[in-house]
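With mmCIF, N, CA and C atoms inside, this is protein-v3.cif:
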data_final
#
loop_
_atom_site.label_atom_id
_atom_site.label_comp_id
_atom_site.auth_asym_id
_atom_site.auth_seq_id
_atom_site.Cartn_x
_atom_site.Cartn_y
_atom_site.Cartn_z
N MET A 6 -11.09 -17.63 -31.69
CA MET A 6 -11.69 -16.35 -32.00
C MET A 6 -12.10 -15.62 -30.73
N PHE A 7 -12.58 -16.36 -29.74
CA PHE A 7 -13.02 -15.75 -28.49
C PHE A 7 -11.87 -15.03 -27.80
N PHE A 8 -10.74 -15.73 -27.65
CA PHE A 8 -9.61 -15.15 -26.94
C PHE A 8 -8.93 -14.04 -27.74
N GLU A 9 -8.93 -14.16 -29.05
CA GLU A 9 -8.37 -13.09 -29.87
C GLU A 9 -9.18 -11.81 -29.70
N ALA A 10 -10.51 -11.95 -29.70
CA ALA A 10 -11.37 -10.78 -29.50
C ALA A 10 -11.20 -10.21 -28.10
N LEU A 11 -11.04 -11.09 -27.12
CA LEU A 11 -10.83 -10.63 -25.74
C LEU A 11 -9.51 -9.87 -25.62
N TRP A 12 -8.46 -10.42 -26.20
CA TRP A 12 -7.15 -9.75 -26.16
C TRP A 12 -7.19 -8.41 -26.89
N GLU A 13 -7.86 -8.38 -28.03
CA GLU A 13 -8.00 -7.13 -28.79
C GLU A 13 -8.79 -6.09 -27.98
N GLY A 14 -9.82 -6.53 -27.28
CA GLY A 14 -10.58 -5.62 -26.42
C GLY A 14 -9.74 -5.06 -25.29
N ILE A 15 -8.91 -5.89 -24.68
CA ILE A 15 -8.02 -5.42 -23.60
C ILE A 15 -6.99 -4.45 -24.17
N ARG A 16 -6.44 -4.76 -25.33
CA ARG A 16 -5.44 -3.88 -25.93
C ARG A 16 -6.04 -2.51 -26.26
N ARG A 17 -7.23 -2.51 -26.85
CA ARG A 17 -7.87 -1.23 -27.18
C ARG A 17 -8.29 -0.47 -25.92
N ALA A 18 -8.74 -1.20 -24.89
CA ALA A 18 -9.09 -0.54 -23.64
C ALA A 18 -7.85 0.10 -23.01
N TRP A 19 -6.71 -0.56 -23.13
CA TRP A 19 -5.46 0.02 -22.59
C TRP A 19 -5.08 1.29 -23.35
N ALA A 20 -5.35 1.32 -24.65
CA ALA A 20 -5.04 2.51 -25.44
C ALA A 20 -5.96 3.67 -25.04
N TYR A 21 -7.21 3.37 -24.75
CA TYR A 21 -8.15 4.42 -24.35
C TYR A 21 -7.96 4.84 -22.90
N ALA A 22 -7.67 3.90 -22.03
CA ALA A 22 -7.57 4.20 -20.61
C ALA A 22 -6.30 3.58 -20.04
N PRO A 23 -5.14 4.19 -20.31
CA PRO A 23 -3.90 3.64 -19.76
C PRO A 23 -3.87 3.80 -18.24
N LEU A 24 -3.07 2.95 -17.60
CA LEU A 24 -2.97 3.02 -16.14
C LEU A 24 -2.47 4.39 -15.72
N PRO A 25 -3.17 5.07 -14.84
CA PRO A 25 -2.76 6.42 -14.43
C PRO A 25 -1.60 6.40 -13.43
N TRP A 26 -0.39 6.29 -13.96
CA TRP A 26 0.80 6.24 -13.11
C TRP A 26 0.94 7.45 -12.19
N PRO A 27 0.60 8.67 -12.62
CA PRO A 27 0.73 9.80 -11.68
C PRO A 27 -0.10 9.63 -10.42
N LEU A 28 -1.26 8.99 -10.52
CA LEU A 28 -2.08 8.77 -9.33
C LEU A 28 -1.37 7.82 -8.36
N LEU A 29 -0.75 6.79 -8.91
CA LEU A 29 0.01 5.87 -8.06
C LEU A 29 1.18 6.58 -7.39
N ALA A 30 1.82 7.49 -8.11
CA ALA A 30 2.93 8.25 -7.54
C ALA A 30 2.44 9.15 -6.41
N PHE A 31 1.28 9.80 -6.61
CA PHE A 31 0.73 10.66 -5.54
C PHE A 31 0.40 9.84 -4.30
N ILE A 32 -0.17 8.66 -4.49
CA ILE A 32 -0.49 7.80 -3.35
C ILE A 32 0.78 7.38 -2.62
N LEU A 33 1.80 7.01 -3.36
CA LEU A 33 3.07 6.60 -2.74
C LEU A 33 3.69 7.76 -1.96
N ILE A 34 3.71 8.94 -2.54
CA ILE A 34 4.26 10.10 -1.84
C ILE A 34 3.47 10.38 -0.57
N GLY A 35 2.14 10.28 -0.66
CA GLY A 35 1.31 10.50 0.52
C GLY A 35 1.59 9.50 1.63
N PHE A 36 1.70 8.23 1.26
CA PHE A 36 1.99 7.21 2.27
C PHE A 36 3.38 7.39 2.87
N VAL A 37 4.35 7.79 2.06
CA VAL A 37 5.69 8.05 2.59
C VAL A 37 5.65 9.20 3.60
N TRP A 38 4.93 10.28 3.27
CA TRP A 38 4.82 11.40 4.20
C TRP A 38 4.15 10.97 5.51
N LEU A 39 3.05 10.24 5.40
CA LEU A 39 2.35 9.82 6.61
C LEU A 39 3.20 8.87 7.44
N TRP A 40 4.01 8.03 6.80
CA TRP A 40 4.90 7.14 7.55
C TRP A 40 5.98 7.95 8.27
N ILE A 41 6.56 8.94 7.58
CA ILE A 41 7.57 9.79 8.22
C ILE A 41 6.95 10.55 9.39
N GLU A 42 5.75 11.07 9.19
CA GLU A 42 5.06 11.80 10.26
C GLU A 42 4.79 10.88 11.45
N TYR A 43 4.38 9.66 11.20
CA TYR A 43 4.13 8.71 12.27
C TYR A 43 5.42 8.40 13.02
N GLN A 44 6.50 8.17 12.28
CA GLN A 44 7.76 7.84 12.94
C GLN A 44 8.26 9.00 13.80
N THR A 45 8.15 10.22 13.31
CA THR A 45 8.64 11.37 14.10
C THR A 45 7.78 11.59 15.35
N THR A 46 6.47 11.44 15.24
CA THR A 46 5.64 11.62 16.44
C THR A 46 5.83 10.46 17.41
N ARG A 47 6.09 9.27 16.89
CA ARG A 47 6.35 8.13 17.78
C ARG A 47 7.64 8.34 18.55
N LEU A 48 8.65 8.85 17.87
CA LEU A 48 9.90 9.13 18.56
C LEU A 48 9.74 10.27 19.56
N ALA A 49 8.96 11.27 19.18
CA ALA A 49 8.76 12.41 20.08
C ALA A 49 7.96 12.01 21.31
N ARG A 50 7.04 11.06 21.19
CA ARG A 50 6.26 10.62 22.34
C ARG A 50 7.11 9.87 23.35
N ALA A 51 8.26 9.39 22.93
CA ALA A 51 9.15 8.69 23.85
C ALA A 51 9.89 9.66 24.77
N LEU A 52 9.90 10.96 24.43
CA LEU A 52 10.56 11.95 25.27
C LEU A 52 9.74 12.20 26.53
N PRO A 53 10.40 12.44 27.67
CA PRO A 53 9.63 12.59 28.92
C PRO A 53 8.76 13.84 28.97
N PHE A 54 9.11 14.90 28.26
CA PHE A 54 8.34 16.13 28.34
C PHE A 54 7.21 16.19 27.30
N TRP A 55 7.11 15.21 26.42
CA TRP A 55 6.08 15.21 25.39
C TRP A 55 4.77 14.73 26.00
N ARG A 56 3.73 15.52 25.86
CA ARG A 56 2.46 15.17 26.48
C ARG A 56 1.37 14.78 25.48
N ARG A 57 1.38 15.38 24.31
CA ARG A 57 0.29 15.15 23.34
C ARG A 57 0.85 14.51 22.07
N PRO A 58 0.34 13.35 21.69
CA PRO A 58 0.80 12.73 20.44
C PRO A 58 0.07 13.32 19.23
N VAL A 59 0.48 14.50 18.81
CA VAL A 59 -0.12 15.15 17.64
C VAL A 59 0.91 15.21 16.52
N PRO A 60 0.44 15.27 15.28
CA PRO A 60 1.40 15.40 14.17
C PRO A 60 2.16 16.73 14.25
N LEU A 61 3.35 16.73 13.70
CA LEU A 61 4.15 17.94 13.68
C LEU A 61 3.58 18.96 12.70
N PHE A 62 3.12 18.50 11.56
CA PHE A 62 2.51 19.35 10.55
C PHE A 62 1.13 18.79 10.21
N PRO A 63 0.10 19.07 11.03
CA PRO A 63 -1.21 18.43 10.80
C PRO A 63 -1.86 18.84 9.48
N GLU A 64 -1.62 20.06 9.00
CA GLU A 64 -2.24 20.49 7.74
C GLU A 64 -1.70 19.68 6.57
N ILE A 65 -0.39 19.44 6.57
CA ILE A 65 0.21 18.66 5.48
C ILE A 65 -0.27 17.21 5.54
N SER A 66 -0.35 16.66 6.74
CA SER A 66 -0.83 15.28 6.87
C SER A 66 -2.29 15.17 6.43
N LEU A 67 -3.11 16.15 6.77
CA LEU A 67 -4.51 16.15 6.34
C LEU A 67 -4.60 16.26 4.82
N LEU A 68 -3.77 17.13 4.23
CA LEU A 68 -3.76 17.27 2.78
C LEU A 68 -3.38 15.96 2.10
N PHE A 69 -2.33 15.30 2.59
CA PHE A 69 -1.93 14.03 1.97
C PHE A 69 -2.98 12.95 2.18
N GLY A 70 -3.67 12.99 3.31
CA GLY A 70 -4.77 12.04 3.52
C GLY A 70 -5.85 12.21 2.47
N TRP A 71 -6.20 13.46 2.15
CA TRP A 71 -7.21 13.71 1.12
C TRP A 71 -6.69 13.38 -0.27
N VAL A 72 -5.42 13.64 -0.53
CA VAL A 72 -4.84 13.28 -1.83
C VAL A 72 -4.92 11.77 -2.03
N ILE A 73 -4.62 11.01 -0.99
CA ILE A 73 -4.69 9.55 -1.09
C ILE A 73 -6.12 9.10 -1.35
N ARG A 74 -7.09 9.70 -0.65
CA ARG A 74 -8.49 9.32 -0.84
C ARG A 74 -8.97 9.63 -2.26
N ILE A 75 -8.65 10.81 -2.75
CA ILE A 75 -9.09 11.21 -4.10
C ILE A 75 -8.43 10.32 -5.16
N CYS A 76 -7.14 10.08 -5.03
CA CYS A 76 -6.45 9.23 -6.00
C CYS A 76 -6.97 7.80 -5.96
N ARG A 77 -7.30 7.31 -4.76
CA ARG A 77 -7.88 5.97 -4.65
C ARG A 77 -9.22 5.90 -5.38
N GLY A 78 -10.04 6.91 -5.21
CA GLY A 78 -11.32 6.94 -5.92
C GLY A 78 -11.14 6.98 -7.42
N LEU A 79 -10.18 7.78 -7.89
CA LEU A 79 -9.92 7.83 -9.33
C LEU A 79 -9.37 6.50 -9.86
N LEU A 80 -8.56 5.80 -9.06
CA LEU A 80 -8.06 4.49 -9.50
C LEU A 80 -9.19 3.47 -9.57
N ILE A 81 -10.13 3.53 -8.64
CA ILE A 81 -11.28 2.63 -8.70
C ILE A 81 -12.11 2.95 -9.94
N ALA A 82 -12.31 4.24 -10.22
CA ALA A 82 -13.04 4.63 -11.43
C ALA A 82 -12.31 4.15 -12.68
N TRP A 83 -10.97 4.24 -12.68
CA TRP A 83 -10.20 3.76 -13.83
C TRP A 83 -10.40 2.25 -14.01
N ALA A 84 -10.35 1.49 -12.92
CA ALA A 84 -10.48 0.04 -13.02
C ALA A 84 -11.85 -0.34 -13.58
N ILE A 85 -12.89 0.33 -13.12
CA ILE A 85 -14.23 0.05 -13.63
C ILE A 85 -14.32 0.41 -15.12
N LEU A 86 -13.79 1.59 -15.46
CA LEU A 86 -13.83 2.02 -16.86
C LEU A 86 -13.04 1.06 -17.75
N PHE A 87 -11.88 0.61 -17.29
CA PHE A 87 -11.06 -0.31 -18.08
C PHE A 87 -11.79 -1.62 -18.34
N ILE A 88 -12.41 -2.17 -17.32
CA ILE A 88 -13.14 -3.43 -17.47
C ILE A 88 -14.33 -3.25 -18.41
N VAL A 89 -15.06 -2.15 -18.24
CA VAL A 89 -16.22 -1.90 -19.10
C VAL A 89 -15.78 -1.68 -20.55
N LEU A 90 -14.69 -0.93 -20.75
CA LEU A 90 -14.21 -0.71 -22.12
C LEU A 90 -13.77 -2.02 -22.77
N ALA A 91 -13.03 -2.83 -22.03
CA ALA A 91 -12.59 -4.11 -22.59
C ALA A 91 -13.79 -4.99 -22.94
N ALA A 92 -14.79 -5.02 -22.06
CA ALA A 92 -16.00 -5.80 -22.35
C ALA A 92 -16.75 -5.22 -23.54
N ASN A 93 -16.78 -3.90 -23.65
CA ASN A 93 -17.45 -3.26 -24.78
C ASN A 93 -16.76 -3.62 -26.10
N PHE A 94 -15.44 -3.51 -26.15
CA PHE A 94 -14.72 -3.82 -27.38
C PHE A 94 -14.83 -5.30 -27.73
N TRP A 95 -14.89 -6.16 -26.71
CA TRP A 95 -15.10 -7.58 -26.97
C TRP A 95 -16.49 -7.82 -27.53
N ALA A 96 -17.50 -7.15 -26.95
CA ALA A 96 -18.88 -7.35 -27.38
C ALA A 96 -19.11 -6.86 -28.80
N VAL A 97 -18.40 -5.80 -29.19
CA VAL A 97 -18.55 -5.30 -30.56
C VAL A 97 -18.17 -6.39 -31.57
N LYS A 98 -17.14 -7.17 -31.23
CA LYS A 98 -16.68 -8.21 -32.17
C LYS A 98 -17.43 -9.53 -32.01
N GLN A 99 -17.95 -9.83 -30.83
CA GLN A 99 -18.50 -11.15 -30.57
C GLN A 99 -20.03 -11.21 -30.54
N VAL A 100 -20.69 -10.15 -30.14
CA VAL A 100 -22.15 -10.18 -29.99
C VAL A 100 -22.77 -9.62 -31.26
N PRO A 101 -23.60 -10.38 -31.95
CA PRO A 101 -24.14 -9.94 -33.24
C PRO A 101 -25.05 -8.71 -33.16
N ASP A 102 -25.89 -8.62 -32.15
CA ASP A 102 -26.85 -7.51 -32.06
C ASP A 102 -26.43 -6.48 -31.02
N TYR A 103 -25.14 -6.23 -30.89
CA TYR A 103 -24.67 -5.28 -29.88
C TYR A 103 -25.04 -3.86 -30.31
N SER A 104 -25.48 -3.07 -29.36
CA SER A 104 -25.99 -1.72 -29.64
C SER A 104 -24.86 -0.76 -30.02
N PRO A 105 -24.97 -0.09 -31.16
CA PRO A 105 -23.95 0.91 -31.51
C PRO A 105 -23.99 2.11 -30.58
N ALA A 106 -25.16 2.40 -30.01
CA ALA A 106 -25.25 3.52 -29.06
C ALA A 106 -24.43 3.23 -27.81
N ALA A 107 -24.47 2.00 -27.32
CA ALA A 107 -23.66 1.63 -26.15
C ALA A 107 -22.18 1.72 -26.48
N ASP A 108 -21.82 1.28 -27.68
CA ASP A 108 -20.42 1.36 -28.09
C ASP A 108 -19.96 2.82 -28.15
N ARG A 109 -20.78 3.69 -28.70
CA ARG A 109 -20.41 5.12 -28.75
C ARG A 109 -20.31 5.71 -27.35
N PHE A 110 -21.20 5.33 -26.46
CA PHE A 110 -21.19 5.86 -25.09
C PHE A 110 -19.91 5.46 -24.36
N PHE A 111 -19.60 4.15 -24.38
CA PHE A 111 -18.42 3.68 -23.66
C PHE A 111 -17.13 4.16 -24.30
N THR A 112 -17.10 4.22 -25.63
CA THR A 112 -15.91 4.74 -26.31
C THR A 112 -15.73 6.23 -26.00
N GLY A 113 -16.83 6.97 -25.92
CA GLY A 113 -16.75 8.38 -25.54
C GLY A 113 -16.23 8.56 -24.13
N ALA A 114 -16.65 7.70 -23.22
CA ALA A 114 -16.13 7.76 -21.85
C ALA A 114 -14.63 7.48 -21.83
N GLY A 115 -14.21 6.52 -22.65
CA GLY A 115 -12.77 6.24 -22.75
C GLY A 115 -12.00 7.41 -23.32
N ARG A 116 -12.59 8.10 -24.30
CA ARG A 116 -11.92 9.28 -24.87
C ARG A 116 -11.78 10.40 -23.83
N VAL A 117 -12.79 10.58 -23.01
CA VAL A 117 -12.73 11.61 -21.96
C VAL A 117 -11.61 11.27 -20.98
N TRP A 118 -11.51 10.00 -20.57
CA TRP A 118 -10.45 9.60 -19.65
C TRP A 118 -9.08 9.82 -20.30
N ARG A 119 -8.98 9.45 -21.57
CA ARG A 119 -7.70 9.61 -22.28
C ARG A 119 -7.30 11.08 -22.39
N ARG A 120 -8.27 11.94 -22.67
CA ARG A 120 -7.96 13.38 -22.74
C ARG A 120 -7.44 13.90 -21.41
N GLY A 121 -8.05 13.47 -20.32
CA GLY A 121 -7.56 13.87 -19.00
C GLY A 121 -6.16 13.36 -18.74
N TYR A 122 -5.89 12.11 -19.13
CA TYR A 122 -4.56 11.54 -18.94
C TYR A 122 -3.52 12.27 -19.79
N VAL A 123 -3.87 12.56 -21.04
CA VAL A 123 -2.96 13.30 -21.91
C VAL A 123 -2.73 14.70 -21.35
N PHE A 124 -3.77 15.32 -20.81
CA PHE A 124 -3.63 16.65 -20.20
C PHE A 124 -2.62 16.61 -19.06
N LEU A 125 -2.68 15.56 -18.22
CA LEU A 125 -1.72 15.45 -17.12
C LEU A 125 -0.32 15.13 -17.61
N THR A 126 -0.20 14.22 -18.56
CA THR A 126 1.14 13.83 -19.01
C THR A 126 1.81 14.90 -19.86
N ASP A 127 1.03 15.80 -20.44
CA ASP A 127 1.64 16.90 -21.19
C ASP A 127 2.38 17.86 -20.26
N ARG A 128 2.05 17.85 -19.00
CA ARG A 128 2.71 18.73 -18.04
C ARG A 128 3.94 18.11 -17.40
N LEU A 129 4.26 16.88 -17.78
CA LEU A 129 5.47 16.23 -17.26
C LEU A 129 6.70 16.79 -17.98
N PRO A 130 7.88 16.63 -17.37
CA PRO A 130 9.10 17.13 -18.02
C PRO A 130 9.36 16.43 -19.36
N ALA A 131 10.21 17.05 -20.16
CA ALA A 131 10.50 16.54 -21.51
C ALA A 131 11.20 15.18 -21.47
N LYS A 132 11.91 14.88 -20.42
CA LYS A 132 12.64 13.61 -20.33
C LYS A 132 11.81 12.52 -19.65
N THR A 133 10.53 12.56 -19.85
CA THR A 133 9.63 11.57 -19.25
C THR A 133 9.83 10.21 -19.91
N PRO A 134 9.91 9.13 -19.13
CA PRO A 134 10.03 7.80 -19.74
C PRO A 134 8.81 7.47 -20.61
N ASP A 135 9.02 6.65 -21.62
CA ASP A 135 7.95 6.31 -22.55
C ASP A 135 6.80 5.56 -21.88
N TRP A 136 7.09 4.78 -20.83
CA TRP A 136 6.03 4.00 -20.21
C TRP A 136 5.04 4.89 -19.45
N LEU A 137 5.40 6.14 -19.18
CA LEU A 137 4.46 7.06 -18.53
C LEU A 137 3.52 7.72 -19.51
N LEU A 138 3.91 7.77 -20.76
CA LEU A 138 3.10 8.44 -21.77
C LEU A 138 2.00 7.50 -22.28
N PRO A 139 0.86 8.05 -22.68
CA PRO A 139 -0.23 7.19 -23.17
C PRO A 139 0.13 6.57 -24.51
N PRO A 140 -0.35 5.34 -24.76
CA PRO A 140 -0.08 4.71 -26.05
C PRO A 140 -0.84 5.43 -27.16
N ALA A 141 -0.33 5.30 -28.37
CA ALA A 141 -0.96 5.96 -29.50
C ALA A 141 -2.25 5.25 -29.89
N LEU A 142 -3.22 6.04 -30.30
CA LEU A 142 -4.48 5.48 -30.79
C LEU A 142 -4.42 5.37 -32.30
N GLU A 143 -5.12 4.39 -32.84
CA GLU A 143 -5.20 4.25 -34.29
C GLU A 143 -6.12 5.33 -34.84
N GLU A 144 -5.95 5.66 -36.09
CA GLU A 144 -6.76 6.71 -36.72
C GLU A 144 -8.25 6.43 -36.63
N ALA A 145 -8.64 5.17 -36.77
CA ALA A 145 -10.06 4.82 -36.70
C ALA A 145 -10.62 5.06 -35.30
N ASP A 146 -9.78 4.93 -34.29
CA ASP A 146 -10.23 5.13 -32.91
C ASP A 146 -10.35 6.60 -32.54
N ILE A 147 -9.58 7.46 -33.22
CA ILE A 147 -9.56 8.86 -32.86
C ILE A 147 -10.82 9.56 -33.35
N LYS A 148 -11.35 9.13 -34.48
CA LYS A 148 -12.54 9.79 -35.05
C LYS A 148 -13.73 9.62 -34.12
N MET A 149 -14.49 10.68 -33.98
CA MET A 149 -15.67 10.60 -33.13
C MET A 149 -16.81 10.28 -33.97
#

Once more with this new file: its structure as structure tokens, please.
Amino acid sequence: MFFEALWEGIRRAWAYAPLPWPLLAFILIGFVWLWIEYQTTRLARALPFWRRPVPLFPEISLLFGWVIRICRGLLIAWAILFIVLAANFWAVKQVPDYSPAADRFFTGAGRVWRRGYVFLTDRLPAKTPDWLLPPALEEADIKM
């Protein structure tokens, strides 16, 4: 019973807070840009007339640096929310005197995250793979 409730909590937490794949894509694109920028400046510094090792496009590199930082913070927030949601759903089934107010609070936080994720994925092209789209919620979970 313990592991079944734990697995059910993880499954429901995944439905409320799916892994934010677009954030991982933004981080990857940012790292690729910074690597290309590093390689081009490294090659340019090897030239005899090059005096200053500065990026070729410093504004773009600065922007991607901030994109990586913001996405990293959001991924950390997602990980904390996912763990808390899974623990909340487990506690609802396993702990006899678990507070309904805590359950409503954590479930509401999961709904807010899910709405943001659905908002982002609705802007993806029509031929988006299914693994990028959020999983469906059960009718009982949708009701507030």

Could you tell me, as an mmCIF file with N, CA and C atoms, in the frame of the given file, exactly which residues end up selected when the PyMOL selection byres ((chain A and resi 87) around 8) is applied to this structure?
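Output file result.cif follows:
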data_model
loop_
_atom_site.group_PDB
_atom_site.id
_atom_site.type_symbol
_atom_site.label_atom_id
_atom_site.label_comp_id
_atom_site.auth_asym_id
_atom_site.auth_seq_id
_atom_site.Cartn_x
_atom_site.Cartn_y
_atom_site.Cartn_z
ATOM 1 N N ILE A 15 -8.910 -5.890 -24.680
ATOM 2 C CA ILE A 15 -8.020 -5.420 -23.600
ATOM 3 C C ILE A 15 -6.990 -4.450 -24.170
ATOM 4 N N ALA A 18 -8.740 -1.200 -24.890
ATOM 5 C CA ALA A 18 -9.090 -0.540 -23.640
ATOM 6 C C ALA A 18 -7.850 0.100 -23.010
ATOM 7 N N TRP A 19 -6.710 -0.560 -23.130
ATOM 8 C CA TRP A 19 -5.460 0.020 -22.590
ATOM 9 C C TRP A 19 -5.080 1.290 -23.350
ATOM 10 N N TYR A 21 -7.210 3.370 -24.750
ATOM 11 C CA TYR A 21 -8.150 4.420 -24.350
ATOM 12 C C TYR A 21 -7.960 4.840 -22.900
ATOM 13 N N ALA A 22 -7.670 3.900 -22.030
ATOM 14 C CA ALA A 22 -7.570 4.200 -20.610
ATOM 15 C C ALA A 22 -6.300 3.580 -20.040
ATOM 16 N N PRO A 23 -5.140 4.190 -20.310
ATOM 17 C CA PRO A 23 -3.900 3.640 -19.760
ATOM 18 C C PRO A 23 -3.870 3.800 -18.240
ATOM 19 N N ILE A 81 -10.130 3.530 -8.640
ATOM 20 C CA ILE A 81 -11.280 2.630 -8.700
ATOM 21 C C ILE A 81 -12.110 2.950 -9.940
ATOM 22 N N ALA A 82 -12.310 4.240 -10.220
ATOM 23 C CA ALA A 82 -13.040 4.630 -11.430
ATOM 24 C C ALA A 82 -12.310 4.150 -12.680
ATOM 25 N N TRP A 83 -10.970 4.240 -12.680
ATOM 26 C CA TRP A 83 -10.200 3.760 -13.830
ATOM 27 C C TRP A 83 -10.400 2.250 -14.010
ATOM 28 N N ALA A 84 -10.350 1.490 -12.920
ATOM 29 C CA ALA A 84 -10.480 0.040 -13.020
ATOM 30 C C ALA A 84 -11.850 -0.340 -13.580
ATOM 31 N N ILE A 85 -12.890 0.330 -13.120
ATOM 32 C CA ILE A 85 -14.230 0.050 -13.630
ATOM 33 C C ILE A 85 -14.320 0.410 -15.120
ATOM 34 N N LEU A 86 -13.790 1.590 -15.460
ATOM 35 C CA LEU A 86 -13.830 2.020 -16.860
ATOM 36 C C LEU A 86 -13.040 1.060 -17.750
ATOM 37 N N ILE A 88 -12.410 -2.170 -17.320
ATOM 38 C CA ILE A 88 -13.140 -3.430 -17.470
ATOM 39 C C ILE A 88 -14.330 -3.250 -18.410
ATOM 40 N N VAL A 89 -15.060 -2.150 -18.240
ATOM 41 C CA VAL A 89 -16.220 -1.900 -19.100
ATOM 42 C C VAL A 89 -15.780 -1.680 -20.550
ATOM 43 N N LEU A 90 -14.690 -0.930 -20.750
ATOM 44 C CA LEU A 90 -14.210 -0.710 -22.120
ATOM 45 C C LEU A 90 -13.770 -2.020 -22.770
ATOM 46 N N ALA A 91 -13.030 -2.830 -22.030
ATOM 47 C CA ALA A 91 -12.590 -4.110 -22.590
ATOM 48 C C ALA A 91 -13.790 -4.990 -22.940
ATOM 49 N N ALA A 92 -14.790 -5.020 -22.060
ATOM 50 C CA ALA A 92 -16.000 -5.800 -22.350
ATOM 51 C C ALA A 92 -16.750 -5.220 -23.540
ATOM 52 N N ASN A 93 -16.780 -3.900 -23.650
ATOM 53 C CA ASN A 93 -17.450 -3.260 -24.780
ATOM 54 C C ASN A 93 -16.760 -3.620 -26.100
ATOM 55 N N GLY A 115 -14.210 6.520 -22.650
ATOM 56 C CA GLY A 115 -12.770 6.240 -22.750
ATOM 57 C C GLY A 115 -12.000 7.410 -23.320
#

| query | Suppose you want the space between CA of Tyr43 in chain A and CA of Leu61 in chain A; what is it in Å? | reply |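 Distance between the two atoms: 9.3 Å.
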
Applied to this file, what does the PyMOL selection byres (((chain A and resi 31 and name CA) around 12) and name CA) return in terms of residues, put as an MDAnalysis selection string?
-> chainID A and resid 25:30 32:38 68:77 79:80

Practice problem: Apply DSSP to the backbone of this structure and, from range 9-148 of chain A, keep only the residues in alpha helix (DSSP H); write these as an MDAnalysis selection string. | Solution: chainID A and resid 9:21 26:50 63:99 105:126 144:147

Could you tell me which of A:Ser66, A:Gln99, A:Arg47, A:Ala20 comes closest to Pro139 in chain A if we count only N, CA and C atoms?
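That would be A:Ala20, the residue with the smallest distance to Pro139 in chain A.
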
Quiz prompt | Contacts of Gly14 in chain A at 7 Å (only C-alpha atoms; same-chain gap of 2+ positions) as a PyMOL selection string | solution = chain A and resi 10-12+16-18+91-92+94-95
